[in-house]
$ cat final_9.cif   # mmCIF, C-alpha atoms
data_my_file
#
loop_
_atom_site.label_atom_id
_atom_site.label_comp_id
_atom_site.auth_asym_id
_atom_site.auth_seq_id
_atom_site.Cartn_x
_atom_site.Cartn_y
_atom_site.Cartn_z
CA MET A 1 -1.71 10.84 4.88
CA THR A 2 -2.43 7.66 6.81
CA ASN A 3 -3.60 4.38 5.30
CA ALA A 4 -7.11 5.06 6.61
CA GLY A 5 -7.03 8.48 4.94
CA HIS A 6 -5.98 6.91 1.64
CA ARG A 7 -8.75 4.33 1.87
CA LEU A 8 -11.30 7.06 2.58
CA LEU A 9 -10.02 9.19 -0.31
CA TRP A 10 -10.16 6.30 -2.81
CA THR A 11 -13.61 5.32 -1.53
CA ILE A 12 -14.90 8.85 -2.12
CA VAL A 13 -13.34 8.95 -5.61
CA ALA A 14 -14.89 5.56 -6.45
CA LEU A 15 -18.33 6.57 -5.14
CA LEU A 16 -18.24 9.83 -7.14
CA LEU A 17 -17.33 7.96 -10.33
CA ILE A 18 -20.08 5.41 -9.72
CA ALA A 19 -22.64 8.16 -9.06
CA VAL A 20 -21.71 10.04 -12.24
CA GLY A 21 -21.82 6.84 -14.29
CA ALA A 22 -25.17 5.80 -12.80
CA ALA A 23 -26.65 9.26 -13.45
CA ALA A 24 -25.45 9.21 -17.07
CA LEU A 25 -26.84 5.70 -17.57
CA ALA A 26 -30.18 6.62 -16.02
CA ALA A 27 -30.39 9.77 -18.17
CA SER A 28 -29.58 7.85 -21.35
CA LEU A 29 -32.26 5.27 -20.56
CA GLY A 30 -34.83 7.97 -19.79
CA ALA A 31 -35.18 6.90 -16.16
CA LEU A 32 -34.55 10.40 -14.80
CA PRO A 33 -37.56 12.71 -14.72
CA GLY A 34 -37.06 15.63 -17.08
CA ALA A 35 -34.21 13.97 -18.99
CA ASP A 36 -34.86 13.14 -22.62
CA PRO A 37 -32.59 10.33 -23.91
CA ALA A 38 -32.76 11.79 -27.43
CA ALA A 39 -31.68 15.28 -26.30
CA VAL A 40 -28.22 16.60 -27.08
CA LEU A 41 -25.68 16.69 -24.29
CA LEU A 42 -24.62 20.31 -24.84
CA SER A 43 -27.06 23.04 -25.78
CA ALA A 44 -26.62 24.98 -29.02
CA ASP A 45 -25.99 28.17 -27.01
CA LEU A 46 -23.14 26.50 -25.09
CA VAL A 47 -21.59 25.18 -28.31
CA ASP A 48 -21.78 28.67 -29.87
CA ARG A 49 -20.09 30.25 -26.83
CA TRP A 50 -17.36 27.59 -26.98
CA ARG A 51 -16.68 28.34 -30.62
CA MET A 52 -16.66 32.11 -30.07
CA ALA A 53 -14.06 31.76 -27.28
CA ALA A 54 -11.67 29.79 -29.53
CA PRO A 55 -8.67 29.37 -29.18
CA TRP A 56 -8.90 30.28 -25.49
CA SER A 57 -11.57 27.69 -24.78
CA THR A 58 -9.38 24.94 -26.20
CA LEU A 59 -6.39 26.20 -24.23
CA ALA A 60 -8.47 26.33 -21.02
CA ALA A 61 -9.67 22.77 -21.59
CA ALA A 62 -6.09 21.60 -22.22
CA VAL A 63 -4.83 23.30 -19.06
CA ALA A 64 -7.70 21.84 -17.00
CA GLY A 65 -6.98 18.37 -18.43
CA ALA A 66 -3.26 18.71 -17.67
CA LEU A 67 -4.03 19.81 -14.10
CA PHE A 68 -6.37 16.86 -13.59
CA ALA A 69 -3.74 14.49 -15.01
CA LEU A 70 -1.06 15.98 -12.75
CA ALA A 71 -3.33 15.70 -9.71
CA GLY A 72 -4.08 12.06 -10.57
CA GLN A 73 -0.40 11.28 -11.08
CA ARG A 74 0.53 12.92 -7.75
CA LEU A 75 -2.23 10.98 -6.01
CA LEU A 76 -1.02 7.67 -7.47
CA VAL A 77 2.61 8.42 -6.56
CA ARG A 78 1.57 9.35 -3.03
CA GLU A 79 -0.43 6.13 -2.78
CA ALA A 80 2.55 4.04 -3.89
CA ARG A 81 4.76 5.61 -1.25
CA GLY A 82 4.52 4.81 2.41
CA PRO A 83 5.07 7.08 5.39
CA GLY A 84 8.36 8.92 5.27
CA GLY A 85 8.49 8.83 1.46
CA THR A 86 9.75 5.28 1.08
CA LEU A 87 8.23 2.94 -1.44
CA ARG A 88 5.89 0.37 0.06
CA GLY A 89 7.40 -3.05 0.34
CA THR A 90 10.99 -1.83 0.33
CA LEU A 91 13.50 -1.10 3.01
CA SER A 92 15.62 1.90 2.07
CA HIS A 93 18.65 3.18 3.94
CA PRO A 94 21.08 5.96 3.14
CA GLY A 95 24.58 4.55 3.17
CA ARG A 96 27.78 5.94 4.64
CA ARG A 97 28.75 6.87 1.10
CA PRO A 98 26.53 8.60 -1.46
CA GLY A 99 23.53 6.52 -2.51
CA ARG A 100 20.88 4.34 -0.95
CA THR A 101 20.41 0.65 -0.39
CA ARG A 102 16.97 -0.71 -1.19
CA LEU A 103 15.75 -4.18 -0.31
CA ALA A 104 12.32 -5.69 -0.74
CA ALA A 105 10.68 -6.29 2.62
CA ASP A 106 9.71 -9.81 1.47
CA VAL A 107 13.38 -10.69 0.96
CA LEU A 108 14.19 -9.64 4.52
CA ALA A 109 11.16 -11.49 5.90
CA ASP A 110 12.15 -14.65 4.00
CA ALA A 111 15.70 -14.41 5.33
CA LEU A 112 14.38 -14.12 8.88
CA VAL A 113 12.07 -17.12 8.28
CA ARG A 114 15.09 -19.17 7.11
CA ASP A 115 17.02 -18.08 10.17
CA LEU A 116 14.16 -18.99 12.51
CA THR A 117 13.55 -22.41 10.94
CA GLY A 118 17.23 -23.24 11.41
CA ASN A 119 16.37 -24.42 14.91
CA PRO A 120 15.21 -28.06 14.94
CA GLY A 121 12.40 -27.17 17.37
CA VAL A 122 10.82 -24.73 14.91
CA ARG A 123 8.71 -26.52 12.32
CA ARG A 124 7.40 -23.42 10.50
CA ALA A 125 7.75 -19.67 10.82
CA ARG A 126 5.92 -16.70 9.37
CA VAL A 127 7.25 -13.14 9.44
CA VAL A 128 5.46 -9.89 8.58
CA LEU A 129 7.53 -6.72 8.31
CA THR A 130 5.75 -3.34 8.09
CA GLY A 131 6.39 0.29 8.88
CA PRO A 132 9.13 2.80 8.13
CA PRO A 133 12.69 1.49 7.74
CA PRO A 134 14.46 2.88 10.79
CA HIS A 135 12.02 1.18 13.16
CA PRO A 136 9.74 -1.32 11.38
CA ASP A 137 7.10 -3.40 13.10
CA LEU A 138 7.90 -7.10 13.17
CA TRP A 139 5.35 -9.87 13.66
CA ILE A 140 6.66 -13.40 14.01
CA ARG A 141 4.70 -16.63 14.33
CA VAL A 142 6.60 -19.83 15.01
CA ASP A 143 5.08 -23.32 15.02
CA LEU A 144 7.06 -25.50 17.40
CA THR A 145 7.39 -29.25 17.63
CA ALA A 146 5.89 -30.85 20.73
CA ASP A 147 9.31 -31.66 22.18
CA ALA A 148 10.89 -28.23 21.55
CA PRO A 149 12.40 -26.66 24.66
CA ALA A 150 10.65 -23.29 25.15
CA ALA A 151 13.71 -21.59 26.65
CA GLY A 152 15.95 -22.71 23.79
CA VAL A 153 13.50 -21.56 21.14
CA ARG A 154 12.99 -18.23 22.93
CA GLU A 155 16.73 -17.61 22.90
CA HIS A 156 16.93 -18.68 19.24
CA VAL A 157 14.18 -16.18 18.30
CA ARG A 158 15.91 -13.44 20.32
CA ALA A 159 19.22 -14.15 18.58
CA ALA A 160 17.55 -14.19 15.14
CA VAL A 161 15.91 -10.80 15.80
CA ARG A 162 19.26 -9.40 17.03
CA ARG A 163 20.94 -10.64 13.84
CA PHE A 164 18.12 -9.14 11.77
CA ALA A 165 18.53 -5.77 13.55
CA ALA A 166 22.31 -5.82 13.13
CA THR A 167 22.16 -6.82 9.46
CA THR A 168 19.50 -4.33 8.40
CA ASP A 169 20.45 -1.56 10.84
CA CYS A 170 16.78 -1.46 11.87
CA GLN A 171 15.67 -1.90 15.44
CA PRO A 172 12.04 -3.10 15.45
CA ALA A 173 9.70 -0.54 17.01
CA HIS A 174 7.17 -3.27 17.73
CA LEU A 175 7.99 -6.95 18.08
CA ASP A 176 5.21 -9.47 18.42
CA VAL A 177 6.12 -13.15 18.68
CA THR A 178 3.47 -15.84 18.74
CA ALA A 179 4.53 -19.43 19.41
CA ARG A 180 2.22 -22.33 18.73
CA ILE A 181 3.10 -25.78 19.95
CA GLU A 182 1.96 -28.63 17.75
CA PRO A 183 0.35 -31.54 19.56
CA SER A 184 2.57 -34.57 20.03
CA ARG A 185 1.98 -37.51 17.75
CA PRO A 186 1.30 -40.88 19.39
#
$ encode --input "final_9.cif" --output "structure tokens"
Amino acid sequence: MTNAGHRLLWTIVALLLIAVGAAALAASLGALPGADPAAVLLSADLVDRWRMAAPWSTLAAAVAGALFALAGQRLLVREARGPGGTLRGTLSHPGRRPGRTRLAADVLADALVRDLTGNPGVRRARVVLTGPPPHPDLWIRVDLTADAPAAGVREHVRAAVRRFAATTDCQPAHLDVTARIEPSRP
């Protein structure tokens, strides 16, 4: 499911919970026509049927509760995982030997920021890394000094991205580099 699908699903769940809560509140305050706030929630006939169906009614309620809990757990696990089954915010690669290597995406982005700011012409850098591990999307913003040579900085950024790709074994599917030149100081 896409991020938009997850947002839509959670919005629907939230709206349903709000509607049920608002209806219960309105009924308890007597604001709904035909609803008596002093009335019992379950009719006597329904309570009698529940008791007559014991122990099957209790077992049915337990099974329904377990199914709802399992569905909620699966939904939360699915939400925590990104496309391709990897955890959000981590870069996961199968190794040449048994096992996997997992790195937080923030650690890789910080390493690339340190690499980019190693050039004296780069005053600040910001890196955002998203997407699945084999081919993540990479957004880079560099703030350059006024006297920074554009060609030298361009080559430095290219080399830093090549080192990133070689180190992580991930070739960026999308690379967006924005360079801002700070005004010179008098």
$ closest_residue --input "final_9.cif" --among "A:Ala69, A:Met52, A:Ala146, A:Leu138" --to "Arg123 of chain A" --atoms "all atoms listed in the file"
A:Ala146
$ atom_distance --input "final_9.cif" --atom1 "atom CA of Thr117 of chain A" --atom2 "atom CA of Ala165 of chain A"
17.6 Å
$ closest_residue --input "final_9.cif" --among "A:Ala22, A:Ile140, A:Leu46, A:Ala151" --to "Pro172 of chain A" --atoms "all atoms listed in the file"
A:Ile140
$ residues_around --input "final_9.cif" --residues "segment 153-161 of chain A" --least-positions-apart "3" --cutoff "8 Å" --atoms "only C-alpha atoms" --output "mmCIF file with C-alpha atoms, in the frame of the given file"
data_model
loop_
_atom_site.group_PDB
_atom_site.id
_atom_site.type_symbol
_atom_site.label_atom_id
_atom_site.label_comp_id
_atom_site.auth_asym_id
_atom_site.auth_seq_id
_atom_site.Cartn_x
_atom_site.Cartn_y
_atom_site.Cartn_z
ATOM 1 C CA LEU A 112 14.380 -14.120 8.880
ATOM 2 C CA ASP A 115 17.020 -18.080 10.170
ATOM 3 C CA LEU A 116 14.160 -18.990 12.510
ATOM 4 C CA ASN A 119 16.370 -24.420 14.910
ATOM 5 C CA GLY A 121 12.400 -27.170 17.370
ATOM 6 C CA VAL A 122 10.820 -24.730 14.910
ATOM 7 C CA ALA A 148 10.890 -28.230 21.550
ATOM 8 C CA PRO A 149 12.400 -26.660 24.660
ATOM 9 C CA ALA A 150 10.650 -23.290 25.150
ATOM 10 C CA PHE A 164 18.120 -9.140 11.770
ATOM 11 C CA ALA A 165 18.530 -5.770 13.550
#
$ closest_residue --input "final_9.cif" --among "A:Ala105, A:Val142, A:Leu32, A:Ala26" --to "Arg180 of chain A" --atoms "all atoms listed in the file"
A:Val142
$ atom_distance --input "final_9.cif" --atom1 "atom CA of Ala19 of chain A" --atom2 "atom CA of Leu59 of chain A"
28.6 Å
